[in-house]
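Working notes, beginning with the structure itself.
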Amino acid sequence: MNKFLLALSVLTVSASSLFAQDHSSELPAKPIAKSIFNPKYSRTESNKGKFYFHWGYNFSSYSKSDIHFKGTGYDFTLLDVKASDRPTKLSMTYINPATISIPQFNFHFGYFIKDNYSISLGWDHMKYVVDIPQTVRIKGHISPEISEPGIPTGGMAGTYNGEQVTLVDSVLKFEHTDGYNFASVALERHDDIWVSRTGKSYLSMETGAEVGLLVPRTDVRLFGVGENNFWNIAGYGAAAKVGLQYHFLKWMYLQTSFKSGWTDLNNIRTTGRNNIDKASQSIWFFQNYWVLGFKF
């Protein structure tokens, strides 16, 4: 009888243990990150404490902008000036290490402070080119000779109050082509949209906000006189972005994003006579960029 009770006890304990193991295996894995999309599966590894960087290229567009020119003998504003970007044609330029910084590029280096939050430093190299020729309105005055030493202004001399003028090469060349550079610090949030069954590949949404400085290299010719100025801190700006990241390897991802920002450039170099001539403008920009990223 005692042997029978002992055997029954052993079987009961074994069955209880087996049931507990089977039951626990059915419990869903605890999600690593919070996500507004609540994907069916969860990632197998947290991002917290990891670094990342990405490099790629952008297309940009700009709202119309008022450009204010001021110096000795002149103080005038061109109203609602149209401008475009200048993407480099598809060529070996994009993959040659010696020339990859010539096209309109984006570079960001960041760190995950939490699994779904990161901070980053970025450099967006855009290009801004005033469309020539175009007809715009003008306000202000232009003397027959401006700047020091003097630059003749020809038929453009006069006082204006909203009249229309046509901008041609002999009057103005105005480009931030090397470039319209936005140096920023950003805070980003990451939300998983889809995660593979293994948890190793996934699609996520990145949203973020950026603030920073505009460091253009501006190429200007005002009535035929000017230069491709050296980089200078011309102003500041802020931007918001949203995009998709596809993590196809543990350490590599592809990303496409849209970014919109406002910039105030109050110290633009023009003729190269930096203590005499300058310009200012505010620009809204819209950007689509594609990058290849690495996480470690």
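Simple scheme: letters A, B, ... for chains in structure tokens order, numbers from 1 for residues in each chain, numbers from 1 for ligands in the order shown.
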
How close does stretch 193-216 of chain A get to stretch 261-269 of chain A? List, as CSV, each residue of stretch 193-216 of chain A within 10 Å, its nearest atom pair and the distance in Å to one decimal, counting only C-alpha atoms.
residue,atom,partner,partner_atom,distance
A:Ala209,CA,A:Gly261,CA,9.5
A:Glu210,CA,A:Gly261,CA,8.7
A:Val211,CA,A:Gly261,CA,9.3
A:Gly212,CA,A:Thr263,CA,9.2
A:Leu213,CA,A:Thr263,CA,8.5
A:Leu214,CA,A:Leu265,CA,7.2
A:Val215,CA,A:Leu265,CA,9.3
A:Pro216,CA,A:Ile268,CA,8.2

Save the residues we just selected, all heavy atoms, as a compact mmCIF listing (two decimals), in the first residue's frame?
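Once everything was written out, this is result_25.txt:
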# COMPACT_ATOMS: atom_id res chain seq x y z
N ALA A 209 11.46 65.37 -34.81
CA ALA A 209 11.55 66.82 -34.90
C ALA A 209 13.01 67.23 -34.81
O ALA A 209 13.80 66.61 -34.07
CB ALA A 209 10.74 67.49 -33.79
N GLU A 210 13.39 68.27 -35.57
CA GLU A 210 14.77 68.70 -35.63
C GLU A 210 14.87 70.22 -35.46
O GLU A 210 13.98 70.96 -35.88
CB GLU A 210 15.40 68.34 -36.99
CG GLU A 210 15.35 66.87 -37.34
CD GLU A 210 15.94 66.59 -38.71
OE1 GLU A 210 16.25 67.55 -39.45
OE2 GLU A 210 16.06 65.39 -39.05
N VAL A 211 15.96 70.67 -34.86
CA VAL A 211 16.31 72.09 -34.83
C VAL A 211 17.78 72.19 -35.19
O VAL A 211 18.56 71.26 -34.94
CB VAL A 211 16.05 72.73 -33.46
CG1 VAL A 211 14.56 72.76 -33.15
CG2 VAL A 211 16.81 72.00 -32.36
N GLY A 212 18.17 73.32 -35.80
CA GLY A 212 19.57 73.42 -36.16
C GLY A 212 19.93 74.73 -36.83
O GLY A 212 19.16 75.70 -36.81
N LEU A 213 21.11 74.74 -37.44
CA LEU A 213 21.68 75.92 -38.07
C LEU A 213 21.77 75.70 -39.58
O LEU A 213 21.98 74.57 -40.04
CB LEU A 213 23.07 76.21 -37.52
CG LEU A 213 23.16 76.48 -36.02
CD1 LEU A 213 24.63 76.61 -35.60
CD2 LEU A 213 22.38 77.75 -35.65
N LEU A 214 21.64 76.79 -40.33
CA LEU A 214 21.85 76.76 -41.77
C LEU A 214 23.26 77.25 -42.07
O LEU A 214 23.66 78.34 -41.64
CB LEU A 214 20.83 77.65 -42.48
CG LEU A 214 19.52 76.99 -42.90
CD1 LEU A 214 19.79 75.92 -43.96
CD2 LEU A 214 18.79 76.39 -41.71
N VAL A 215 24.01 76.40 -42.77
CA VAL A 215 25.42 76.69 -43.06
C VAL A 215 25.61 76.62 -44.58
O VAL A 215 26.23 75.68 -45.10
CB VAL A 215 26.35 75.70 -42.34
CG1 VAL A 215 27.79 76.18 -42.40
CG2 VAL A 215 25.93 75.49 -40.88
N PRO A 216 25.12 77.61 -45.30
CA PRO A 216 25.20 77.54 -46.77
C PRO A 216 26.56 78.00 -47.29
O PRO A 216 27.30 78.74 -46.64
CB PRO A 216 24.11 78.50 -47.22
CG PRO A 216 24.09 79.54 -46.15
CD PRO A 216 24.37 78.79 -44.86

- Expected answer as a PyMOL selection string: helix (DSSP H, G or I) residues in stretch 84-208 of chain A: chain A and resi 92-94+154-156

- From the set A:Leu244, A:Leu187, A:Leu203, A:Leu172, which residue has the shortest atom-to-atom contact distance to A:Gly226, counting only C-alpha atoms? A:Leu172

- Closest of A:Tyr253, A:Phe223, A:Phe296, A:Phe248 to A:Ser170, counting only C-alpha atoms, is A:Phe223

Using DSSP on the backbone coordinates, identify all residues within stretch 18-258 of chain A classified as strand (DSSP E); present the result as a CSV table (one decimal) with N, CA and C atoms, in the first residue's frame.
chain,number,residue,atom,x,y,z
A,51,PHE,N,23.9,52.4,-31.4
A,51,PHE,CA,24.2,53.5,-32.3
A,51,PHE,C,23.7,53.2,-33.7
A,52,TYR,N,23.5,54.2,-34.5
A,52,TYR,CA,23.2,54.0,-35.9
A,52,TYR,C,23.7,55.2,-36.7
A,53,PHE,N,23.9,54.9,-38.0
A,53,PHE,CA,24.1,56.0,-38.9
A,53,PHE,C,23.5,55.6,-40.3
A,54,HIS,N,23.1,56.6,-41.0
A,54,HIS,CA,22.7,56.4,-42.4
A,54,HIS,C,23.1,57.5,-43.3
A,55,TRP,N,23.2,57.1,-44.6
A,55,TRP,CA,23.7,57.9,-45.7
A,55,TRP,C,22.8,57.7,-46.9
A,56,GLY,N,22.4,58.8,-47.6
A,56,GLY,CA,21.6,58.6,-48.8
A,56,GLY,C,21.5,60.0,-49.5
A,57,TYR,N,20.4,60.1,-50.3
A,57,TYR,CA,20.3,61.2,-51.2
A,57,TYR,C,18.8,61.8,-51.2
A,58,ASN,N,18.7,63.0,-51.5
A,58,ASN,CA,17.4,63.7,-51.4
A,58,ASN,C,17.0,64.4,-52.6
A,59,PHE,N,15.7,64.6,-52.7
A,59,PHE,CA,15.1,65.6,-53.7
A,59,PHE,C,14.3,66.6,-52.8
A,60,SER,N,14.5,67.9,-53.2
A,60,SER,CA,13.9,69.0,-52.4
A,60,SER,C,13.1,69.9,-53.3
A,61,SER,N,12.1,70.6,-52.6
A,61,SER,CA,11.4,71.7,-53.3
A,61,SER,C,11.2,72.8,-52.3
A,62,TYR,N,10.9,74.0,-52.7
A,62,TYR,CA,10.9,75.2,-51.9
A,62,TYR,C,9.7,76.0,-52.2
A,65,SER,N,9.9,82.7,-51.9
A,65,SER,CA,10.5,83.4,-50.8
A,65,SER,C,10.8,84.8,-51.2
A,66,ASP,N,10.7,85.7,-50.2
A,66,ASP,CA,11.1,87.1,-50.3
A,66,ASP,C,12.6,87.2,-50.0
A,67,ILE,N,13.4,87.8,-50.9
A,67,ILE,CA,14.8,87.9,-50.7
A,67,ILE,C,15.2,89.4,-50.5
A,68,HIS,N,15.7,89.8,-49.4
A,68,HIS,CA,16.0,91.2,-49.1
A,68,HIS,C,17.5,91.4,-49.3
A,69,PHE,N,17.9,92.3,-50.1
A,69,PHE,CA,19.3,92.7,-50.4
A,69,PHE,C,19.5,94.1,-49.8
A,70,LYS,N,20.7,94.2,-49.1
A,70,LYS,CA,21.0,95.5,-48.5
A,70,LYS,C,22.5,95.8,-48.5
A,71,GLY,N,22.8,97.0,-48.8
A,71,GLY,CA,24.2,97.4,-48.8
A,71,GLY,C,24.4,98.9,-49.2
A,74,TYR,N,21.8,100.7,-51.8
A,74,TYR,CA,20.6,99.9,-52.2
A,74,TYR,C,20.0,99.2,-50.9
A,75,ASP,N,18.7,99.1,-51.0
A,75,ASP,CA,18.0,98.4,-50.0
A,75,ASP,C,16.7,98.0,-50.7
A,76,PHE,N,16.6,96.7,-51.2
A,76,PHE,CA,15.4,96.3,-51.9
A,76,PHE,C,15.1,94.9,-51.6
A,77,THR,N,13.8,94.5,-51.9
A,77,THR,CA,13.3,93.1,-51.6
A,77,THR,C,12.6,92.6,-52.9
A,78,LEU,N,13.0,91.4,-53.3
A,78,LEU,CA,12.4,90.7,-54.4
A,78,LEU,C,11.3,89.8,-53.8
A,79,LEU,N,10.1,89.9,-54.2
A,79,LEU,CA,8.9,89.2,-53.6
A,79,LEU,C,8.6,88.0,-54.3
A,80,ASP,N,8.3,86.9,-53.5
A,80,ASP,CA,7.8,85.7,-54.1
A,80,ASP,C,8.7,85.1,-55.1
A,81,VAL,N,10.0,84.9,-54.8
A,81,VAL,CA,10.9,84.4,-55.7
A,81,VAL,C,10.8,82.9,-55.8
A,83,ALA,N,12.3,79.1,-56.7
A,83,ALA,CA,13.6,78.4,-56.7
A,83,ALA,C,13.4,76.9,-56.8
A,84,SER,N,14.5,76.2,-57.3
A,84,SER,CA,14.4,74.8,-57.5
A,84,SER,C,15.6,74.1,-56.9
A,105,PHE,N,22.8,65.2,-50.4
A,105,PHE,CA,22.9,64.0,-49.6
A,105,PHE,C,22.4,64.3,-48.2
A,106,ASN,N,22.1,63.2,-47.5
A,106,ASN,CA,21.7,63.2,-46.1
A,106,ASN,C,22.6,62.3,-45.3
A,107,PHE,N,23.1,62.8,-44.1
A,107,PHE,CA,23.9,62.0,-43.2
A,107,PHE,C,23.4,62.2,-41.8
A,108,HIS,N,23.1,61.1,-41.1
A,108,HIS,CA,22.7,61.2,-39.7
A,108,HIS,C,23.4,60.2,-38.9
A,109,PHE,N,23.8,60.5,-37.6
A,109,PHE,CA,24.4,59.6,-36.7
A,109,PHE,C,23.6,59.7,-35.4
A,110,GLY,N,23.1,58.6,-34.9
A,110,GLY,CA,22.3,58.7,-33.7
A,110,GLY,C,22.5,57.6,-32.7
A,111,TYR,N,21.8,57.7,-31.6
A,111,TYR,CA,21.9,56.8,-30.4
A,111,TYR,C,20.5,56.6,-29.8
A,112,PHE,N,20.2,55.3,-29.5
A,112,PHE,CA,18.9,55.0,-28.9
A,112,PHE,C,18.9,55.2,-27.4
A,113,ILE,N,18.2,56.2,-26.9
A,113,ILE,CA,18.2,56.4,-25.5
A,113,ILE,C,17.2,55.4,-24.8
A,114,LYS,N,16.2,55.0,-25.6
A,114,LYS,CA,15.2,53.9,-25.2
A,114,LYS,C,15.0,53.0,-26.4
A,117,TYR,N,13.0,55.3,-28.8
A,117,TYR,CA,13.4,56.8,-28.9
A,117,TYR,C,14.9,56.9,-29.2
A,118,SER,N,15.2,57.8,-30.1
A,118,SER,CA,16.6,58.0,-30.4
A,118,SER,C,16.9,59.5,-30.5
A,119,ILE,N,18.2,59.9,-30.4
A,119,ILE,CA,18.6,61.3,-30.7
A,119,ILE,C,19.7,61.2,-31.7
A,120,SER,N,19.8,62.2,-32.6
A,120,SER,CA,20.8,62.1,-33.7
A,120,SER,C,21.3,63.5,-34.0
A,121,LEU,N,22.5,63.5,-34.7
A,121,LEU,CA,23.0,64.7,-35.3
A,121,LEU,C,23.0,64.5,-36.8
A,122,GLY,N,22.6,65.5,-37.5
A,122,GLY,CA,22.5,65.3,-39.0
A,122,GLY,C,23.0,66.5,-39.8
A,123,TRP,N,23.3,66.2,-41.1
A,123,TRP,CA,23.7,67.2,-42.0
A,123,TRP,C,23.0,66.9,-43.3
A,124,ASP,N,22.0,67.8,-43.7
A,124,ASP,CA,21.3,67.6,-44.9
A,124,ASP,C,21.9,68.6,-45.9
A,125,HIS,N,22.4,68.1,-47.0
A,125,HIS,CA,23.0,68.9,-48.0
A,125,HIS,C,22.0,69.0,-49.2
A,126,MET,N,21.3,70.1,-49.2
A,126,MET,CA,20.3,70.4,-50.2
A,126,MET,C,20.9,71.5,-51.1
A,127,LYS,N,20.3,71.7,-52.2
A,127,LYS,CA,20.7,72.8,-53.2
A,127,LYS,C,19.5,73.6,-53.6
A,128,TYR,N,19.7,75.0,-53.5
A,128,TYR,CA,18.7,75.9,-53.7
A,128,TYR,C,19.1,76.9,-54.8
A,129,VAL,N,18.4,76.9,-55.9
A,129,VAL,CA,18.8,77.7,-57.1
A,129,VAL,C,17.6,78.6,-57.5
A,130,VAL,N,17.8,79.9,-57.5
A,130,VAL,CA,16.7,80.8,-57.9
A,130,VAL,C,16.6,80.7,-59.5
A,134,GLN,N,12.9,84.9,-64.5
A,134,GLN,CA,11.5,84.9,-63.9
A,134,GLN,C,11.1,86.3,-63.7
A,135,THR,N,9.8,86.6,-63.6
A,135,THR,CA,9.3,87.9,-63.3
A,135,THR,C,8.8,88.0,-61.9
A,136,VAL,N,9.2,89.0,-61.1
A,136,VAL,CA,8.9,89.1,-59.7
A,136,VAL,C,8.5,90.6,-59.5
A,137,ARG,N,7.9,90.8,-58.3
A,137,ARG,CA,7.7,92.1,-57.8
A,137,ARG,C,8.8,92.6,-57.0
A,138,ILE,N,9.1,93.9,-56.9
A,138,ILE,CA,10.2,94.5,-56.2
A,138,ILE,C,9.8,95.7,-55.4
A,139,LYS,N,10.3,95.8,-54.2
A,139,LYS,CA,10.1,97.0,-53.4
A,139,LYS,C,11.4,97.5,-52.8
A,140,GLY,N,11.6,98.9,-52.8
A,140,GLY,CA,12.8,99.4,-52.2
A,140,GLY,C,13.5,100.3,-53.2
A,141,HIS,N,14.8,100.6,-53.0
A,141,HIS,CA,15.5,101.5,-53.9
A,141,HIS,C,16.8,100.9,-54.3
A,142,ILE,N,17.3,101.3,-55.5
A,142,ILE,CA,18.6,100.9,-56.1
A,142,ILE,C,19.2,102.1,-56.7
A,145,GLU,N,24.7,103.4,-58.8
A,145,GLU,CA,25.9,102.6,-58.5
A,145,GLU,C,25.8,102.2,-57.0
A,146,ILE,N,26.1,100.9,-56.8
A,146,ILE,CA,26.0,100.3,-55.4
A,146,ILE,C,27.3,99.7,-55.0
A,151,ILE,N,29.4,99.3,-58.2
A,151,ILE,CA,28.9,98.4,-59.2
A,151,ILE,C,27.7,99.1,-60.0
A,152,PRO,N,27.9,99.4,-61.3
A,152,PRO,CA,26.8,100.1,-62.0
A,152,PRO,C,25.6,99.2,-62.1
A,158,GLY,N,16.5,102.9,-59.5
A,158,GLY,CA,15.2,103.5,-59.3
A,158,GLY,C,14.6,103.2,-57.9
A,159,THR,N,13.4,103.7,-57.7
A,159,THR,CA,12.6,103.4,-56.5
A,159,THR,C,11.4,102.6,-56.8
A,160,TYR,N,11.2,101.5,-56.1
A,160,TYR,CA,10.1,100.6,-56.5
A,160,TYR,C,9.1,100.4,-55.3
A,161,ASN,N,7.8,100.2,-55.7
A,161,ASN,CA,6.8,99.9,-54.8
A,161,ASN,C,5.9,98.8,-55.3
A,162,GLY,N,6.5,97.7,-55.6
A,162,GLY,CA,5.7,96.5,-56.0
A,162,GLY,C,5.6,96.3,-57.5
A,163,GLU,N,6.4,97.1,-58.3
A,163,GLU,CA,6.4,96.9,-59.7
A,163,GLU,C,7.0,95.5,-60.1
A,164,GLN,N,6.7,95.1,-61.3
A,164,GLN,CA,7.3,93.8,-61.8
A,164,GLN,C,8.6,94.1,-62.6
A,165,VAL,N,9.6,93.2,-62.3
A,165,VAL,CA,10.8,93.2,-63.0
A,165,VAL,C,11.2,91.8,-63.4
A,166,THR,N,11.9,91.7,-64.5
A,166,THR,CA,12.4,90.3,-64.9
A,166,THR,C,13.8,90.1,-64.5
A,167,LEU,N,14.1,89.0,-63.8
A,167,LEU,CA,15.4,88.7,-63.4
A,167,LEU,C,16.1,87.9,-64.5
A,172,LEU,N,21.0,89.1,-61.7
A,172,LEU,CA,21.1,88.3,-60.5
A,172,LEU,C,21.4,86.8,-60.8
A,173,LYS,N,22.3,86.3,-60.1
A,173,LYS,CA,22.5,84.9,-59.9
A,173,LYS,C,22.5,84.6,-58.4
A,174,PHE,N,21.7,83.7,-57.9
A,174,PHE,CA,21.6,83.5,-56.5
A,174,PHE,C,21.3,82.0,-56.2
A,175,GLU,N,22.3,81.3,-55.7
A,175,GLU,CA,22.3,79.9,-55.4
A,175,GLU,C,22.9,79.5,-54.1
A,176,HIS,N,22.2,78.7,-53.3
A,176,HIS,CA,22.8,77.9,-52.2
A,176,HIS,C,23.1,76.5,-52.8
A,177,THR,N,24.1,76.4,-53.5
A,177,THR,CA,24.3,75.1,-54.2
A,177,THR,C,25.5,74.2,-53.6
A,178,ASP,N,26.2,74.8,-52.7
A,178,ASP,CA,27.3,73.9,-52.1
A,178,ASP,C,27.3,74.1,-50.6
A,179,GLY,N,26.3,74.1,-49.9
A,179,GLY,CA,24.9,74.0,-50.5
A,179,GLY,C,24.0,74.7,-49.5
A,180,TYR,N,22.7,74.4,-49.5
A,180,TYR,CA,21.7,74.8,-48.6
A,180,TYR,C,21.8,73.8,-47.4
A,181,ASN,N,22.7,73.9,-46.5
A,181,ASN,CA,23.1,72.9,-45.6
A,181,ASN,C,22.4,73.1,-44.2
A,182,PHE,N,21.7,72.1,-43.8
A,182,PHE,CA,20.9,72.1,-42.5
A,182,PHE,C,21.7,71.2,-41.5
A,183,ALA,N,22.4,71.8,-40.6
A,183,ALA,CA,23.0,71.0,-39.5
A,183,ALA,C,22.1,70.9,-38.3
A,184,SER,N,21.7,69.7,-37.9
A,184,SER,CA,20.6,69.6,-37.0
A,184,SER,C,20.9,68.6,-35.9
A,185,VAL,N,20.1,68.8,-34.8
A,185,VAL,CA,20.0,67.8,-33.7
A,185,VAL,C,18.5,67.4,-33.7
A,186,ALA,N,18.2,66.1,-33.6
A,186,ALA,CA,16.9,65.6,-33.7
A,186,ALA,C,16.5,64.6,-32.6
A,187,LEU,N,15.2,64.6,-32.3
A,187,LEU,CA,14.6,63.5,-31.4
A,187,LEU,C,13.6,62.7,-32.3
A,188,GLU,N,13.8,61.4,-32.3
A,188,GLU,CA,13.0,60.5,-33.1
A,188,GLU,C,12.3,59.5,-32.3
A,189,ARG,N,11.1,59.1,-32.7
A,189,ARG,CA,10.3,58.0,-32.2
A,189,ARG,C,10.2,56.9,-33.2
A,190,HIS,N,10.3,55.6,-32.8
A,190,HIS,CA,10.2,54.5,-33.7
A,190,HIS,C,9.0,53.6,-33.2
A,191,ASP,N,8.1,53.3,-34.2
A,191,ASP,CA,7.0,52.4,-33.9
A,191,ASP,C,7.0,51.2,-34.9
A,192,ASP,N,7.0,50.0,-34.4
A,192,ASP,CA,7.0,48.8,-35.3
A,192,ASP,C,5.6,48.7,-35.9
A,193,ILE,N,5.6,48.5,-37.3
A,193,ILE,CA,4.4,48.3,-38.0
A,193,ILE,C,4.2,46.8,-38.3
A,194,TRP,N,5.3,46.1,-38.7
A,194,TRP,CA,5.2,44.7,-39.0
A,194,TRP,C,6.5,44.1,-38.5
A,195,VAL,N,6.4,42.9,-37.9
A,195,VAL,CA,7.6,42.1,-37.4
A,195,VAL,C,7.5,40.7,-37.9
A,202,TYR,N,11.9,43.6,-39.7
A,202,TYR,CA,10.7,44.3,-39.4
A,202,TYR,C,10.6,45.6,-40.1
A,203,LEU,N,9.4,46.1,-40.2
A,203,LEU,CA,9.1,47.4,-40.8
A,203,LEU,C,8.7,48.4,-39.7
A,204,SER,N,9.3,49.6,-39.6
A,204,SER,CA,8.9,50.5,-38.5
A,204,SER,C,8.7,51.9,-39.1
A,205,MET,N,8.0,52.7,-38.4
A,205,MET,CA,7.7,54.1,-38.7
A,205,MET,C,8.6,55.0,-37.8
A,206,GLU,N,9.3,55.9,-38.5
A,206,GLU,CA,10.1,56.9,-37.7
A,206,GLU,C,9.4,58.3,-37.8
A,207,THR,N,9.2,58.9,-36.7
A,207,THR,CA,8.7,60.3,-36.7
A,207,THR,C,9.7,61.1,-35.9
A,208,GLY,N,9.9,62.4,-36.2
A,208,GLY,CA,10.9,63.1,-35.4
A,208,GLY,C,10.7,64.6,-35.7
A,209,ALA,N,11.5,65.4,-34.8
A,209,ALA,CA,11.6,66.8,-34.9
A,209,ALA,C,13.0,67.2,-34.8
A,210,GLU,N,13.4,68.3,-35.6
A,210,GLU,CA,14.8,68.7,-35.6
A,210,GLU,C,14.9,70.2,-35.5
A,211,VAL,N,16.0,70.7,-34.9
A,211,VAL,CA,16.3,72.1,-34.8
A,211,VAL,C,17.8,72.2,-35.2
A,212,GLY,N,18.2,73.3,-35.8
A,212,GLY,CA,19.6,73.4,-36.2
A,212,GLY,C,19.9,74.7,-36.8
A,213,LEU,N,21.1,74.7,-37.4
A,213,LEU,CA,21.7,75.9,-38.1
A,213,LEU,C,21.8,75.7,-39.6
A,214,LEU,N,21.6,76.8,-40.3
A,214,LEU,CA,21.8,76.8,-41.8
A,214,LEU,C,23.3,77.2,-42.1
A,218,THR,N,27.0,80.1,-50.5
A,218,THR,CA,26.1,80.8,-51.4
A,218,THR,C,26.9,81.4,-52.6
A,219,ASP,N,26.5,81.1,-53.8
A,219,ASP,CA,27.1,81.6,-55.0
A,219,ASP,C,26.2,82.7,-55.5
A,220,VAL,N,26.7,84.0,-55.5
A,220,VAL,CA,25.8,85.1,-55.9
A,220,VAL,C,26.6,86.0,-56.9
A,221,ARG,N,25.8,86.5,-57.9
A,221,ARG,CA,26.3,87.6,-58.7
A,221,ARG,C,25.2,88.6,-58.8
A,222,LEU,N,25.5,89.8,-58.2
A,222,LEU,CA,24.6,90.9,-58.1
A,222,LEU,C,25.1,92.0,-59.1
A,225,VAL,N,28.6,91.1,-60.3
A,225,VAL,CA,29.7,91.1,-59.3
A,225,VAL,C,29.3,90.1,-58.2
A,226,GLY,N,30.2,89.2,-57.8
A,226,GLY,CA,30.0,88.3,-56.7
A,226,GLY,C,31.0,87.2,-56.7
A,227,GLU,N,30.7,86.2,-55.9
A,227,GLU,CA,31.6,85.1,-55.8
A,227,GLU,C,30.9,83.9,-55.2
A,228,ASN,N,31.5,82.7,-55.2
A,228,ASN,CA,31.0,81.5,-54.5
A,228,ASN,C,31.6,81.6,-53.1
A,235,GLY,N,21.9,81.3,-40.5
A,235,GLY,CA,20.6,81.4,-39.8
A,235,GLY,C,20.3,80.1,-39.1
A,236,TYR,N,19.0,79.8,-38.9
A,236,TYR,CA,18.6,78.7,-38.1
A,236,TYR,C,17.3,78.2,-38.7
A,237,GLY,N,16.9,77.0,-38.2
A,237,GLY,CA,15.7,76.4,-38.7
A,237,GLY,C,15.1,75.3,-37.9
A,238,ALA,N,14.0,74.8,-38.2
A,238,ALA,CA,13.4,73.6,-37.5
A,238,ALA,C,12.6,72.8,-38.6
A,239,ALA,N,12.5,71.5,-38.3
A,239,ALA,CA,11.8,70.6,-39.3
A,239,ALA,C,11.1,69.5,-38.6
A,240,ALA,N,10.2,68.9,-39.2
A,240,ALA,CA,9.5,67.7,-38.8
A,240,ALA,C,9.6,66.6,-39.9
A,241,LYS,N,9.6,65.3,-39.5
A,241,LYS,CA,9.8,64.3,-40.5
A,241,LYS,C,9.0,63.1,-40.1
A,242,VAL,N,8.7,62.3,-41.2
A,242,VAL,CA,8.1,61.0,-41.0
A,242,VAL,C,8.5,60.1,-42.1
A,243,GLY,N,8.8,58.8,-41.7
A,243,GLY,CA,9.3,57.9,-42.8
A,243,GLY,C,9.2,56.4,-42.4
A,244,LEU,N,9.6,55.5,-43.3
A,244,LEU,CA,9.5,54.1,-43.1
A,244,LEU,C,10.9,53.5,-43.1
A,245,GLN,N,11.2,52.6,-42.2
A,245,GLN,CA,12.5,51.9,-42.1
A,245,GLN,C,12.2,50.4,-42.3
A,246,TYR,N,12.9,49.7,-43.2
A,246,TYR,CA,12.8,48.3,-43.4
A,246,TYR,C,14.1,47.7,-43.0
A,247,HIS,N,14.1,47.0,-41.8
A,247,HIS,CA,15.2,46.3,-41.3
A,247,HIS,C,15.3,44.9,-41.8
A,248,PHE,N,16.1,44.7,-42.9
A,248,PHE,CA,16.1,43.4,-43.5
A,248,PHE,C,17.2,42.5,-43.0
A,249,LEU,N,18.2,43.1,-42.3
A,249,LEU,CA,19.2,42.4,-41.5
A,249,LEU,C,19.3,43.0,-40.1
A,252,MET,N,21.3,46.3,-40.6
A,252,MET,CA,21.2,47.1,-41.8
A,252,MET,C,19.7,47.4,-42.1
A,253,TYR,N,19.5,48.6,-42.6
A,253,TYR,CA,18.1,48.9,-43.0
A,253,TYR,C,18.1,49.9,-44.2
A,254,LEU,N,16.9,49.9,-44.8
A,254,LEU,CA,16.6,50.9,-45.9
A,254,LEU,C,15.5,51.9,-45.3
A,255,GLN,N,15.6,53.2,-45.7
A,255,GLN,CA,14.7,54.1,-45.2
A,255,GLN,C,14.3,55.1,-46.2
A,256,THR,N,13.0,55.5,-46.3
A,256,THR,CA,12.5,56.6,-47.1
A,256,THR,C,11.7,57.5,-46.2
A,257,SER,N,11.9,58.8,-46.3
A,257,SER,CA,11.3,59.7,-45.4
A,257,SER,C,10.9,61.0,-46.1
A,258,PHE,N,9.9,61.7,-45.5
A,258,PHE,CA,9.5,63.0,-45.9
A,258,PHE,C,9.8,64.0,-44.8

- Message: I need the residue nearest A:Ser147 from this list: A:Ser260, A:Thr99, A:Asn116, A:Thr72. Use only C-alpha atoms for the distance.
- Response: A:Thr72

- Task: Pick out the residues sitting within 7 Å of A:Pro144, and hand them over as a list in words; count only C-alpha atoms, and ignore anything fewer than 3 positions along from it in its own chain.
- Result: Pro152, Thr153, Gly154 and Ala157 of chain A

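The two atoms in question, atom CA of A:Ile283 and atom CA of A:Lys82, are spaced 10.6 Å apart.
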